[in-house]
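Have a look at target08.txt below; it lists compact mmCIF, C-alpha atoms and all ligand atoms.
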# COMPACT_ATOMS: atom_id res chain seq x y z
CA MET T 1 9.84 7.83 -19.46
CA LYS T 2 7.12 10.00 -17.96
CA LEU T 3 5.81 12.90 -20.04
CA LEU T 4 6.74 15.02 -17.01
CA THR T 5 10.40 14.28 -17.70
CA LEU T 6 10.02 15.30 -21.35
CA ASN T 7 8.99 18.75 -20.14
CA PHE T 8 12.49 19.21 -18.67
CA LEU T 9 14.70 17.23 -21.02
CA THR T 10 16.90 19.01 -23.58
CA CYS T 11 19.35 17.93 -26.24
CA ALA T 12 22.61 16.81 -24.61
CA ARG T 13 24.95 18.31 -27.22
CA ARG T 14 26.95 21.28 -26.09
CA ALA T 15 26.43 22.92 -29.47
CA CYS T 16 22.68 22.97 -28.74
CA LYS T 17 22.94 24.48 -25.24
CA SER T 18 22.15 27.97 -26.43
CA SER T 19 19.63 27.03 -29.09
CA ALA T 20 15.95 27.67 -28.36
CA ASP T 21 15.08 24.72 -30.62
CA ALA T 22 16.89 22.16 -28.41
CA PHE T 23 13.83 22.12 -26.13
CA PRO T 24 11.42 20.43 -26.18
CA LEU T 25 12.61 17.27 -27.90
CA HIS T 26 10.08 15.93 -30.39
CA PRO T 27 8.70 12.40 -30.13
CA ARG T 28 9.04 10.24 -33.25
CA ASP T 29 7.28 6.90 -33.77
CA VAL T 30 6.63 6.55 -30.07
CA GLU T 31 4.64 3.90 -28.29
CA LEU T 32 3.00 5.21 -25.13
CA GLU T 33 2.17 3.17 -22.09
CA ILE T 34 0.08 4.03 -19.03
CA VAL T 35 1.89 3.04 -15.84
CA GLU T 36 -0.36 3.61 -12.85
CA ALA T 37 1.11 5.63 -10.00
CA GLU T 38 -0.13 6.78 -6.61
CA PRO T 39 -1.49 10.33 -6.78
CA ASN T 40 0.98 12.77 -5.22
CA PRO T 41 -0.89 16.08 -4.99
CA SER T 42 1.85 17.94 -3.10
CA PHE T 43 4.34 16.96 -5.78
CA LEU T 44 2.01 18.22 -8.53
CA SER T 45 1.61 21.55 -6.74
CA ASN T 46 5.39 21.78 -6.34
CA ILE T 47 6.15 21.08 -10.00
CA LEU T 48 3.30 22.97 -11.70
CA PRO T 49 4.96 26.42 -11.64
CA ARG T 50 8.12 24.91 -13.14
CA LEU T 51 6.40 23.37 -16.17
CA GLU T 52 6.91 24.92 -19.60
CA TRP T 53 3.22 24.94 -20.40
CA PRO T 54 3.49 25.76 -24.12
CA ALA T 55 5.91 22.83 -24.54
CA LEU T 56 3.39 20.55 -22.85
CA VAL T 57 0.62 21.76 -25.16
CA THR T 58 2.89 21.12 -28.19
CA LEU T 59 3.81 17.66 -26.91
CA CYS T 60 0.15 16.67 -26.46
CA ALA T 61 -0.60 17.85 -29.99
CA GLU T 62 2.36 15.89 -31.40
CA LEU T 63 1.27 12.76 -29.54
CA GLY T 64 -2.38 13.20 -30.46
CA LEU T 65 -3.44 13.41 -26.81
CA PRO T 66 -6.59 15.32 -25.83
CA GLY T 67 -6.05 19.08 -25.72
CA LEU T 68 -4.87 20.93 -22.65
CA PRO T 69 -6.04 24.41 -21.73
CA GLY T 70 -3.86 26.96 -23.56
CA GLU T 71 -2.95 28.64 -20.28
CA ALA T 72 -1.27 26.93 -17.33
CA PRO T 73 -3.63 26.44 -14.40
CA GLU T 74 -2.86 28.07 -11.05
CA VAL T 75 -1.51 25.96 -8.19
CA ALA T 76 -4.63 26.91 -6.18
CA GLU T 77 -6.79 25.08 -8.75
CA LEU T 78 -5.07 21.81 -7.81
CA THR T 79 -6.44 21.99 -4.29
CA ALA T 80 -9.83 23.43 -5.22
CA GLY T 81 -13.14 21.62 -4.74
CA GLU T 82 -15.00 20.34 -1.73
CA ASP T 83 -12.46 17.63 -0.87
CA GLY T 84 -9.48 19.91 -1.60
CA LYS T 85 -8.21 17.46 -4.21
CA GLY T 86 -8.62 19.64 -7.27
CA GLY T 87 -11.10 17.33 -9.00
CA LYS T 88 -10.74 16.52 -12.67
CA LEU T 89 -7.87 18.94 -13.33
CA ALA T 90 -5.62 17.26 -10.74
CA GLU T 91 -6.63 13.83 -12.02
CA ASP T 92 -5.95 14.76 -15.64
CA LEU T 93 -2.54 16.25 -14.84
CA HIS T 94 -1.57 13.23 -12.76
CA ARG T 95 -2.58 10.95 -15.62
CA LEU T 96 -0.75 13.00 -18.23
CA LEU T 97 2.46 13.86 -16.39
CA LEU T 98 3.08 10.94 -14.05
CA GLU T 99 1.27 7.97 -15.60
CA THR T 100 1.66 8.47 -19.34
CA THR T 101 5.07 7.20 -20.41
CA VAL T 102 7.09 6.81 -23.58
CA LYS T 103 7.90 3.13 -23.86
CA GLU T 104 9.54 2.87 -27.28
CA GLY T 105 10.52 5.27 -30.04
CA ALA T 106 12.79 8.25 -30.41
CA LEU T 107 13.16 11.83 -29.25
CA VAL T 108 14.50 14.26 -31.81
CA CYS T 109 16.31 17.56 -31.25
CA GLY T 110 14.73 20.40 -33.20
CA SER T 111 18.08 22.14 -33.48
CA CYS T 112 20.63 19.51 -34.56
CA GLY T 113 18.31 16.67 -35.55
CA HIS T 114 20.02 14.18 -33.26
CA GLU T 115 17.77 11.26 -32.45
CA TYR T 116 17.74 9.77 -28.94
CA ARG T 117 16.39 6.23 -28.87
CA VAL T 118 14.00 5.07 -26.15
CA LYS T 119 13.88 1.34 -25.43
CA GLU T 120 11.74 -0.19 -22.69
CA GLY T 121 11.29 3.33 -21.36
CA ILE T 122 15.03 3.98 -21.06
CA ALA T 123 16.36 6.83 -23.19
CA ASN T 124 19.86 6.54 -24.56
CA PHE T 125 21.62 9.88 -24.06
CA LEU T 126 25.16 8.62 -24.52
CA LEU T 127 26.82 10.76 -27.15
CA PRO T 128 29.66 9.62 -29.36
CA SER T 129 32.65 11.71 -28.29
CA HIS T 130 32.69 13.83 -31.48
CA LEU T 131 29.16 15.07 -30.64
CA VAL T 132 29.74 15.93 -26.98
CA MET U 1 41.15 -2.72 -1.52
CA SER U 2 41.30 -2.84 -5.29
CA ARG U 3 39.33 -0.03 -6.86
CA PRO U 4 37.28 -1.06 -9.89
CA GLU U 5 37.60 2.40 -11.42
CA ASP U 6 41.37 1.87 -11.62
CA HIS U 7 40.89 -0.90 -14.14
CA LEU U 8 37.89 -0.33 -16.33
CA PRO U 9 35.38 2.32 -17.35
CA PRO U 10 32.09 1.80 -15.47
CA ASP U 11 30.09 0.72 -18.50
CA LEU U 12 32.53 -2.15 -18.95
CA PHE U 13 33.01 -2.94 -15.28
CA TYR U 14 29.33 -3.21 -14.47
CA ASN U 15 28.56 -5.95 -16.94
CA ASP U 16 25.57 -8.18 -16.32
CA ALA U 17 27.28 -10.40 -13.76
CA GLU U 18 28.77 -7.49 -11.80
CA SER U 19 25.47 -5.58 -11.85
CA ARG U 20 23.58 -8.48 -10.39
CA LYS U 21 26.28 -9.04 -7.78
CA TYR U 22 26.17 -5.39 -6.81
CA THR U 23 22.40 -5.35 -6.46
CA THR U 24 21.95 -8.64 -4.64
CA SER U 25 24.83 -8.39 -2.17
CA SER U 26 23.07 -7.60 1.09
CA ARG U 27 26.20 -5.97 2.49
CA ILE U 28 26.41 -3.54 -0.42
CA GLN U 29 22.65 -2.93 -0.27
CA HIS U 30 22.92 -2.11 3.40
CA ILE U 31 25.80 0.33 2.91
CA GLN U 32 24.14 1.93 -0.11
CA SER U 33 20.89 2.33 1.77
CA SER U 34 22.47 3.89 4.85
CA MET U 35 24.42 6.32 2.66
CA THR U 36 21.24 7.24 0.80
CA HIS U 37 19.46 7.96 4.07
CA ARG U 38 22.40 10.05 5.20
CA ALA U 39 22.36 12.00 1.92
CA LEU U 40 18.60 12.49 2.17
CA SER U 41 18.91 13.91 5.66
CA LEU U 42 21.59 16.31 4.39
CA LEU U 43 19.22 17.44 1.62
CA SER U 44 16.57 18.18 4.30
CA LEU U 45 13.63 18.19 1.90
CA SER U 46 10.33 19.06 3.54
CA SER U 47 7.95 18.30 0.67
CA PRO U 48 7.73 15.95 -2.35
CA SER U 49 10.53 16.98 -4.69
CA LEU U 50 11.94 16.28 -8.14
CA ILE U 51 15.36 14.69 -7.61
CA LEU U 52 18.16 13.79 -10.00
CA ASP U 53 20.10 10.63 -9.11
CA ILE U 54 23.53 10.61 -10.76
CA GLY U 55 24.84 7.09 -11.17
CA CYS U 56 21.47 5.61 -10.16
CA GLY U 57 22.62 2.06 -10.99
CA SER U 58 19.91 -0.48 -10.33
CA GLY U 59 17.77 2.08 -8.50
CA LEU U 60 18.61 1.12 -4.91
CA SER U 61 18.72 4.77 -3.81
CA GLY U 62 15.75 5.65 -5.99
CA SER U 63 13.55 3.08 -4.29
CA ILE U 64 14.28 4.83 -1.02
CA LEU U 65 13.40 8.25 -2.51
CA SER U 66 10.11 6.82 -3.84
CA SER U 67 9.15 5.43 -0.47
CA VAL U 68 9.71 8.44 1.81
CA ALA U 69 6.43 8.78 3.72
CA PRO U 70 4.27 11.92 3.38
CA GLU U 71 4.87 12.80 7.04
CA ASP U 72 8.61 12.80 6.27
CA GLY U 73 8.19 15.09 3.24
CA GLY U 74 7.89 12.46 0.51
CA PRO U 75 7.40 10.58 -1.63
CA HIS U 76 9.86 12.10 -4.09
CA VAL U 77 9.91 11.73 -7.85
CA TRP U 78 13.33 10.96 -9.31
CA ILE U 79 15.17 10.72 -12.59
CA GLY U 80 18.26 8.54 -12.69
CA LEU U 81 21.30 8.63 -14.98
CA ASP U 82 23.68 5.74 -15.34
CA ILE U 83 26.36 4.80 -17.82
CA SER U 84 25.91 1.06 -17.35
CA GLU U 85 23.25 -0.56 -19.48
CA SER U 86 23.25 -3.73 -17.40
CA MET U 87 22.74 -1.81 -14.14
CA LEU U 88 19.74 -0.08 -15.74
CA GLY U 89 18.52 -3.47 -16.91
CA VAL U 90 18.42 -4.61 -13.30
CA ALA U 91 16.56 -1.41 -12.36
CA LEU U 92 14.00 -2.22 -15.06
CA GLU U 93 13.51 -5.72 -13.68
CA ARG U 94 13.03 -4.26 -10.22
CA GLU U 95 10.29 -2.03 -11.68
CA VAL U 96 11.59 1.11 -10.00
CA GLU U 97 9.38 4.18 -10.16
CA GLY U 98 11.95 6.66 -11.43
CA ASP U 99 12.76 7.41 -15.07
CA LEU U 100 16.03 5.91 -16.28
CA PHE U 101 18.58 7.35 -18.68
CA LEU U 102 21.57 5.68 -20.21
CA ALA U 103 23.89 8.67 -19.96
CA ASP U 104 27.40 9.72 -18.99
CA ALA U 105 27.27 12.53 -16.42
CA GLY U 106 30.77 13.47 -17.58
CA GLN U 107 29.14 14.61 -20.83
CA GLY U 108 26.84 17.02 -18.99
CA VAL U 109 23.31 17.05 -17.58
CA PRO U 110 20.67 17.36 -20.35
CA PHE U 111 17.89 19.17 -18.48
CA ARG U 112 16.74 22.74 -18.73
CA PRO U 113 17.81 25.28 -16.09
CA GLY U 114 16.09 25.04 -12.72
CA THR U 115 14.62 21.57 -13.30
CA PHE U 116 15.47 19.81 -10.05
CA ASP U 117 14.83 20.57 -6.39
CA ALA U 118 17.75 18.41 -5.41
CA ALA U 119 20.29 15.89 -6.62
CA ILE U 120 21.84 12.85 -5.04
CA SER U 121 24.77 10.70 -6.06
CA ILE U 122 25.95 7.62 -4.20
CA SER U 123 29.37 6.12 -4.95
CA ALA U 124 29.58 7.46 -8.50
CA VAL U 125 31.51 10.73 -8.74
CA GLN U 126 34.93 9.05 -8.48
CA TRP U 127 34.19 7.45 -11.85
CA LEU U 128 34.12 10.92 -13.41
CA CYS U 129 37.80 11.25 -12.57
CA ASN U 130 38.53 8.61 -15.20
CA ALA U 131 39.13 9.84 -18.69
CA GLU U 132 38.57 7.03 -21.10
CA SER U 133 40.05 8.46 -24.23
CA SER U 134 42.71 10.93 -25.18
CA GLU U 135 40.03 13.38 -26.34
CA GLU U 136 38.81 14.05 -22.83
CA SER U 137 40.35 14.83 -19.48
CA ALA U 138 39.18 14.08 -15.97
CA GLN U 139 39.14 17.82 -15.34
CA GLY U 140 36.96 18.41 -18.41
CA ARG U 141 34.51 15.70 -17.38
CA LEU U 142 34.20 17.06 -13.84
CA THR U 143 33.69 20.59 -15.17
CA ARG U 144 30.97 19.54 -17.61
CA PHE U 145 29.24 17.54 -14.90
CA PHE U 146 29.23 20.21 -12.19
CA ASN U 147 28.37 23.03 -14.61
CA GLY U 148 25.44 20.97 -15.89
CA LEU U 149 24.35 19.98 -12.42
CA TYR U 150 24.49 23.56 -11.16
CA ALA U 151 22.35 24.84 -14.02
CA SER U 152 19.80 22.03 -13.72
CA LEU U 153 19.08 22.76 -10.03
CA ARG U 154 16.63 25.43 -8.99
CA ARG U 155 17.75 28.41 -6.92
CA GLY U 156 18.07 27.27 -3.31
CA GLY U 157 18.47 23.67 -4.48
CA ARG U 158 20.94 21.22 -2.98
CA ALA U 159 22.99 18.27 -4.05
CA VAL U 160 24.73 15.63 -1.97
CA CYS U 161 27.37 13.46 -3.62
CA GLN U 162 28.84 10.62 -1.59
CA PHE U 163 31.99 9.40 -3.31
CA TYR U 164 35.18 7.46 -2.71
CA PRO U 165 38.09 9.79 -3.37
CA ARG U 166 41.30 7.97 -4.16
CA ASN U 167 43.33 10.51 -2.19
CA GLU U 168 43.39 14.07 -0.88
CA GLU U 169 44.26 15.44 -4.28
CA GLN U 170 41.22 13.87 -5.90
CA LYS U 171 39.03 15.18 -3.10
CA ARG U 172 40.35 18.66 -3.82
CA MET U 173 39.97 18.26 -7.57
CA VAL U 174 36.31 17.27 -7.21
CA SER U 175 35.33 19.96 -4.72
CA SER U 176 37.12 22.72 -6.58
CA ALA U 177 35.34 21.75 -9.82
CA ALA U 178 32.04 22.10 -7.92
CA ILE U 179 33.01 25.47 -6.51
CA ARG U 180 34.12 26.75 -9.92
CA ALA U 181 30.67 25.79 -11.26
CA GLY U 182 29.13 28.17 -8.70
CA PHE U 183 28.17 25.86 -5.85
CA GLY U 184 28.61 26.56 -2.19
CA ALA U 185 30.44 23.40 -1.13
CA GLY U 186 31.30 21.57 2.05
CA LEU U 187 32.98 18.21 2.57
CA LEU U 188 31.65 16.02 5.31
CA GLU U 189 33.35 12.87 6.50
CA ASP U 190 31.74 10.11 8.50
CA ASP U 191 34.09 7.78 10.39
CA PRO U 192 37.20 9.56 9.07
CA GLY U 193 40.43 7.60 9.11
CA THR U 194 38.65 4.23 9.33
CA LYS U 195 38.05 1.59 6.71
CA SER U 196 34.42 2.63 6.51
CA ALA U 197 35.15 6.35 6.03
CA LYS U 198 32.50 8.05 3.90
CA THR U 199 32.96 11.35 2.09
CA TYR U 200 29.94 13.52 1.27
CA LEU U 201 30.20 16.61 -0.88
CA VAL U 202 27.31 18.86 0.16
CA LEU U 203 26.48 21.46 -2.49
CA THR U 204 24.14 24.41 -2.38
CA VAL U 205 22.85 26.74 -5.07
CA GLY U 206 22.53 30.28 -3.78
CA GLY U 207 19.37 32.34 -3.99
CA GLY U 208 15.81 31.37 -3.13
CA GLU U 209 14.70 29.69 0.04
CA LEU U 210 16.58 26.65 1.30
CA ALA U 211 13.62 24.61 2.48
CA GLY U 212 12.55 22.10 -0.16
ZN ZN Z 1 20.65 19.07 -30.51
Output the structure of this file as structure tokens.
Ligand SMILES: [Zn+2]
Amino acid sequence: MKLLTLNFLTCARRACKSSADAFPLHPRDVELEIVEAEPNPSFLSNILPRLEWPALVTLCAELGLPGLPGEAPEVAELTAGEDGKGGKLAEDLHRLLLETTVKEGALVCGSCGHEYRVKEGIANFLLPSHLV
Amino acid sequence: MSRPEDHLPPDLFYNDAESRKYTTSSRIQHIQSSMTHRALSLLSLSSPSLILDIGCGSGLSGSILSSVAPEDGGPHVWIGLDISESMLGVALEREVEGDLFLADAGQGVPFRPGTFDAAISISAVQWLCNAESSEESAQGRLTRFFNGLYASLRRGGRAVCQFYPRNEEQKRMVSSAAIRAGFGAGLLEDDPGTKSAKTYLVLTVGGGELAG
């Protein structure tokens, strides 16, 4: 699962819908894997304004990944530079959001404590019926 | 035609043998791919988008979303949900580019509001009309699904769900659940009245610009 996806994923329990702690889910004992992907600059520009930047900063800290700027960059910065490709910032974001993936481990809800297992990159979000 | 959803819940029906059969049958692949292209054209996305695929199975539709050329507004990034572990296993073997979730869309859509530009669902929504235990109802599952889907799409977003309604009543039940969730909804039928009739539920979220 791409780290991009983690920036949108919430706890699936209805009881957690209104809780501010149900997002972001917290990684536990995760194994990361880099899966190379073609750069997609227009996609990055599209998704950047929709990211929860503080959640991304928290996630990087929890995973021990190199620090991000505290403030979200502007979309214009992604197309800056002589070649219009945004240079290192665009490369770093591509690497972090679209190529860094959670391969194994768990994602934990900060509100109810429910643990979602991730196996071979696939997260199990099936809830037993009493938790729906 | 016997309908698999009449007999078994999808996670039981699509066991390993069925999943492989579904993914390797060239006839099914061809139908699935033409329905995906039809759904994509109804979404009319003009730039690379984040798309939710409900009932993504082995990722046949997803592979198409990943390979839309830049001049046609792609490639798109997708996240797929499916209730069948063996279908997802096949997707894994095929090394699809989208992220995969083992999840039951009838339990809701676990993404924060405004996540997706668009959503697509090919031949899956009729499964939501099955209630597998006495604790849930088909109506409840449809409501949770469409409410979740509506919230997870951005303003101006669209969803296209191709499905096989059992009858007129089920068609009505599905579209009215979508409308109650807040969607603008239209039903489109290709080749109506024939054996190859296809039903598409085209859903729009009001507000914001329509162009992807
Ligand atoms: Zn929770």
Quiz prompt | Interface list for chain U, partner chain T, 7 Å threshold, only C-alpha atoms, as a PyMOL selection string | solution = chain U and resi 48-49+99-104+107+110-112+115
Calculate, to one decimal in Å, the centre and edge lengths of the box along x, y and z of the file that holds all listed atoms of range 177-186 of chain U with 6 Å of margin on each side, and present them as AutoDock Vina command-line options.
--center_x 31.8 --center_y 24.9 --center_z -4.6 --size_x 19.2 --size_y 18.6 --size_z 25.3
Exercise. Dump as a ChimeraX atom specification all residues having an atom at most 9 Å from (29.1, 23.6, -1.1), computed in the file's coordinates with all atoms listed in the file.
Key: /U:158-159,175,178-179,182-187,201-205
I need the chosen residues saved as a CSV table (one decimal), keeping the file's coordinate frame, with C-alpha atoms.
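What landed in selection_34.csv:
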chain,number,residue,atom,x,y,z
U,158,ARG,CA,20.9,21.2,-3.0
U,159,ALA,CA,23.0,18.3,-4.0
U,175,SER,CA,35.3,20.0,-4.7
U,178,ALA,CA,32.0,22.1,-7.9
U,179,ILE,CA,33.0,25.5,-6.5
U,182,GLY,CA,29.1,28.2,-8.7
U,183,PHE,CA,28.2,25.9,-5.8
U,184,GLY,CA,28.6,26.6,-2.2
U,185,ALA,CA,30.4,23.4,-1.1
U,186,GLY,CA,31.3,21.6,2.0
U,187,LEU,CA,33.0,18.2,2.6
U,201,LEU,CA,30.2,16.6,-0.9
U,202,VAL,CA,27.3,18.9,0.2
U,203,LEU,CA,26.5,21.5,-2.5
U,204,THR,CA,24.1,24.4,-2.4
U,205,VAL,CA,22.8,26.7,-5.1
Exercise. May I have the residues within 7 Å of Met87 in chain U as number ranges by chain, using only C-alpha atoms and disregarding those fewer than 4 positions away in the same chain?
Key: U: 14, 19, 57-58, 91
Quiz item: Between CA of Leu128 in chain U and CA of Ser152 in chain U, what is the spacing in Å?
Solution: 18.1 Å
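One distance worth recording is that between CA of Tyr200 in chain U and CA of Ala39 in chain U, which is 7.8 Å.
For the set T:Glu115, T:Glu31, T:Glu74, T:Glu91, the residue with the smallest atom-to-atom gap to Lys103 in chain T is T:Glu31, counting all atoms listed in the file.
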Self-check item: Near-His37 in chain U list (9 Å; all atoms listed in the file; drop same-chain fewer than 5 positions) as an MDAnalysis selection string
Solution: chainID U and resid 32 42 61 64:65
Exercise. Using CA of Asp82 in chain U and CA of Gly55 in chain U as the two end points, give the distance in Å to one decimal.
Key: 4.5 Å
Quiz item: Smallest atom-to-atom distance to ligand ZN 1 (chain Z): which of T:Ala61, T:Leu56, T:Leu93, T:Cys112, using only C-alpha atoms and all ligand atoms?
Solution: T:Cys112
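Considering the residues T:Ala15, T:Ile34, T:Leu97, T:Gly84 and counting all atoms listed in the file, ligand ZN 1 (chain Z) has its shortest atom-to-atom contact with T:Ala15.
Shortest atom-to-atom contact with Pro39 in chain T among U:Ile54, U:Arg27, U:Pro75, U:Leu149: U:Pro75, counting only C-alpha atoms.
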Exercise. List every protein, DNA or RNA residue that has an atom no more than 10 Å from (9.3, 10.8, 2.0) in the file's coordinate frame, counting only C-alpha atoms, and report them as JSON, numbers by chain.
Key: {"U": [40, 45, 46, 47, 48, 49, 64, 65, 66, 67, 68, 69, 70, 71, 72, 73, 74, 75, 76, 77]}
Exercise. Go through T:Pro66, T:Gly113, T:Gly81, T:Pro49 one by one, measure the shortest atom-to-atom distance of each to Cys16 in chain T using only C-alpha atoms, and give the residue with the smallest value.
Key: T:Gly113
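Nearest residue to Gly80 in chain U among U:Leu52, U:Ala177, U:Cys161, U:Val125 is U:Leu52, counting all atoms listed in the file.
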Quiz item: If you count only C-alpha atoms, which residues fall within 10 Å of Gly106 in chain U, apart from same-chain ones fewer than 5 positions away, as a ChimeraX atom specification?
Solution: /T:132 /U:83,125,127-131,136-146,148
Just range 7-33 of chain U from the block, N, CA and C atoms, as a PDB file, in the first residue's frame, could you?
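decode.pdb, written as the output of this step:
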ATOM      1  N   HIS U   7     -26.590 -17.896  -4.968  1.00  0.00           N
ATOM      2  CA  HIS U   7     -26.213 -19.084  -4.215  1.00  0.00           C
ATOM      3  C   HIS U   7     -25.283 -18.811  -3.050  1.00  0.00           C
ATOM      4  N   LEU U   8     -24.297 -17.989  -3.265  1.00  0.00           N
ATOM      5  CA  LEU U   8     -23.220 -17.868  -2.291  1.00  0.00           C
ATOM      6  C   LEU U   8     -22.789 -16.416  -2.134  1.00  0.00           C
ATOM      7  N   PRO U   9     -22.312 -16.053  -0.946  1.00  0.00           N
ATOM      8  CA  PRO U   9     -21.670 -14.738  -0.826  1.00  0.00           C
ATOM      9  C   PRO U   9     -20.393 -14.718  -1.669  1.00  0.00           C
ATOM     10  N   PRO U  10     -20.000 -13.517  -2.161  1.00  0.00           N
ATOM     11  CA  PRO U  10     -18.904 -13.435  -3.119  1.00  0.00           C
ATOM     12  C   PRO U  10     -17.573 -13.959  -2.578  1.00  0.00           C
ATOM     13  N   ASP U  11     -17.338 -13.808  -1.290  1.00  0.00           N
ATOM     14  CA  ASP U  11     -16.042 -14.273  -0.781  1.00  0.00           C
ATOM     15  C   ASP U  11     -15.964 -15.793  -0.819  1.00  0.00           C
ATOM     16  N   LEU U  12     -17.125 -16.453  -0.804  1.00  0.00           N
ATOM     17  CA  LEU U  12     -17.127 -17.909  -0.924  1.00  0.00           C
ATOM     18  C   LEU U  12     -17.185 -18.344  -2.382  1.00  0.00           C
ATOM     19  N   PHE U  13     -17.939 -17.570  -3.187  1.00  0.00           N
ATOM     20  CA  PHE U  13     -18.070 -17.961  -4.588  1.00  0.00           C
ATOM     21  C   PHE U  13     -16.741 -17.852  -5.327  1.00  0.00           C
ATOM     22  N   TYR U  14     -16.065 -16.716  -5.131  1.00  0.00           N
ATOM     23  CA  TYR U  14     -14.809 -16.532  -5.844  1.00  0.00           C
ATOM     24  C   TYR U  14     -13.664 -17.176  -5.069  1.00  0.00           C
ATOM     25  N   ASN U  15     -13.715 -18.487  -4.986  1.00  0.00           N
ATOM     26  CA  ASN U  15     -12.597 -19.207  -4.384  1.00  0.00           C
ATOM     27  C   ASN U  15     -11.472 -19.257  -5.413  1.00  0.00           C
ATOM     28  N   ASP U  16     -10.377 -19.911  -5.079  1.00  0.00           N
ATOM     29  CA  ASP U  16      -9.209 -19.839  -5.953  1.00  0.00           C
ATOM     30  C   ASP U  16      -9.515 -20.292  -7.382  1.00  0.00           C
ATOM     31  N   ALA U  17     -10.250 -21.394  -7.509  1.00  0.00           N
ATOM     32  CA  ALA U  17     -10.518 -21.914  -8.846  1.00  0.00           C
ATOM     33  C   ALA U  17     -11.395 -20.952  -9.636  1.00  0.00           C
ATOM     34  N   GLU U  18     -12.449 -20.425  -9.009  1.00  0.00           N
ATOM     35  CA  GLU U  18     -13.337 -19.491  -9.696  1.00  0.00           C
ATOM     36  C   GLU U  18     -12.599 -18.212 -10.077  1.00  0.00           C
ATOM     37  N   SER U  19     -11.722 -17.726  -9.192  1.00  0.00           N
ATOM     38  CA  SER U  19     -11.014 -16.478  -9.448  1.00  0.00           C
ATOM     39  C   SER U  19     -10.146 -16.606 -10.680  1.00  0.00           C
ATOM     40  N   ARG U  20      -9.458 -17.730 -10.757  1.00  0.00           N
ATOM     41  CA  ARG U  20      -8.574 -17.948 -11.887  1.00  0.00           C
ATOM     42  C   ARG U  20      -9.389 -18.053 -13.188  1.00  0.00           C
ATOM     43  N   LYS U  21     -10.515 -18.771 -13.086  1.00  0.00           N
ATOM     44  CA  LYS U  21     -11.386 -18.948 -14.240  1.00  0.00           C
ATOM     45  C   LYS U  21     -11.870 -17.585 -14.726  1.00  0.00           C
ATOM     46  N   TYR U  22     -12.277 -16.763 -13.764  1.00  0.00           N
ATOM     47  CA  TYR U  22     -12.810 -15.451 -14.100  1.00  0.00           C
ATOM     48  C   TYR U  22     -11.756 -14.616 -14.807  1.00  0.00           C
ATOM     49  N   THR U  23     -10.517 -14.690 -14.322  1.00  0.00           N
ATOM     50  CA  THR U  23      -9.476 -13.812 -14.831  1.00  0.00           C
ATOM     51  C   THR U  23      -8.888 -14.318 -16.140  1.00  0.00           C
ATOM     52  N   THR U  24      -8.922 -15.625 -16.367  1.00  0.00           N
ATOM     53  CA  THR U  24      -8.280 -16.125 -17.579  1.00  0.00           C
ATOM     54  C   THR U  24      -9.264 -16.323 -18.724  1.00  0.00           C
ATOM     55  N   SER U  25     -10.564 -16.344 -18.437  1.00  0.00           N
ATOM     56  CA  SER U  25     -11.513 -16.513 -19.533  1.00  0.00           C
ATOM     57  C   SER U  25     -11.447 -15.294 -20.445  1.00  0.00           C
ATOM     58  N   SER U  26     -11.096 -15.513 -21.714  1.00  0.00           N
ATOM     59  CA  SER U  26     -10.904 -14.361 -22.591  1.00  0.00           C
ATOM     60  C   SER U  26     -12.240 -13.689 -22.894  1.00  0.00           C
ATOM     61  N   ARG U  27     -13.326 -14.458 -22.857  1.00  0.00           N
ATOM     62  CA  ARG U  27     -14.629 -13.859 -23.101  1.00  0.00           C
ATOM     63  C   ARG U  27     -14.978 -12.876 -21.979  1.00  0.00           C
ATOM     64  N   ILE U  28     -14.775 -13.331 -20.740  1.00  0.00           N
ATOM     65  CA  ILE U  28     -15.063 -12.453 -19.604  1.00  0.00           C
ATOM     66  C   ILE U  28     -14.134 -11.239 -19.619  1.00  0.00           C
ATOM     67  N   GLN U  29     -12.853 -11.480 -19.918  1.00  0.00           N
ATOM     68  CA  GLN U  29     -11.909 -10.363 -19.982  1.00  0.00           C
ATOM     69  C   GLN U  29     -12.346  -9.334 -21.000  1.00  0.00           C
ATOM     70  N   HIS U  30     -12.824  -9.824 -22.138  1.00  0.00           N
ATOM     71  CA  HIS U  30     -13.238  -8.910 -23.193  1.00  0.00           C
ATOM     72  C   HIS U  30     -14.448  -8.078 -22.758  1.00  0.00           C
ATOM     73  N   ILE U  31     -15.421  -8.737 -22.151  1.00  0.00           N
ATOM     74  CA  ILE U  31     -16.621  -8.017 -21.701  1.00  0.00           C
ATOM     75  C   ILE U  31     -16.251  -7.004 -20.624  1.00  0.00           C
ATOM     76  N   GLN U  32     -15.453  -7.482 -19.658  1.00  0.00           N
ATOM     77  CA  GLN U  32     -15.036  -6.621 -18.547  1.00  0.00           C
ATOM     78  C   GLN U  32     -14.297  -5.391 -19.072  1.00  0.00           C
ATOM     79  N   SER U  33     -13.426  -5.623 -20.056  1.00  0.00           N
ATOM     80  CA  SER U  33     -12.632  -4.520 -20.563  1.00  0.00           C
ATOM     81  C   SER U  33     -13.499  -3.531 -21.349  1.00  0.00           C
TER      82      SER U  33
END
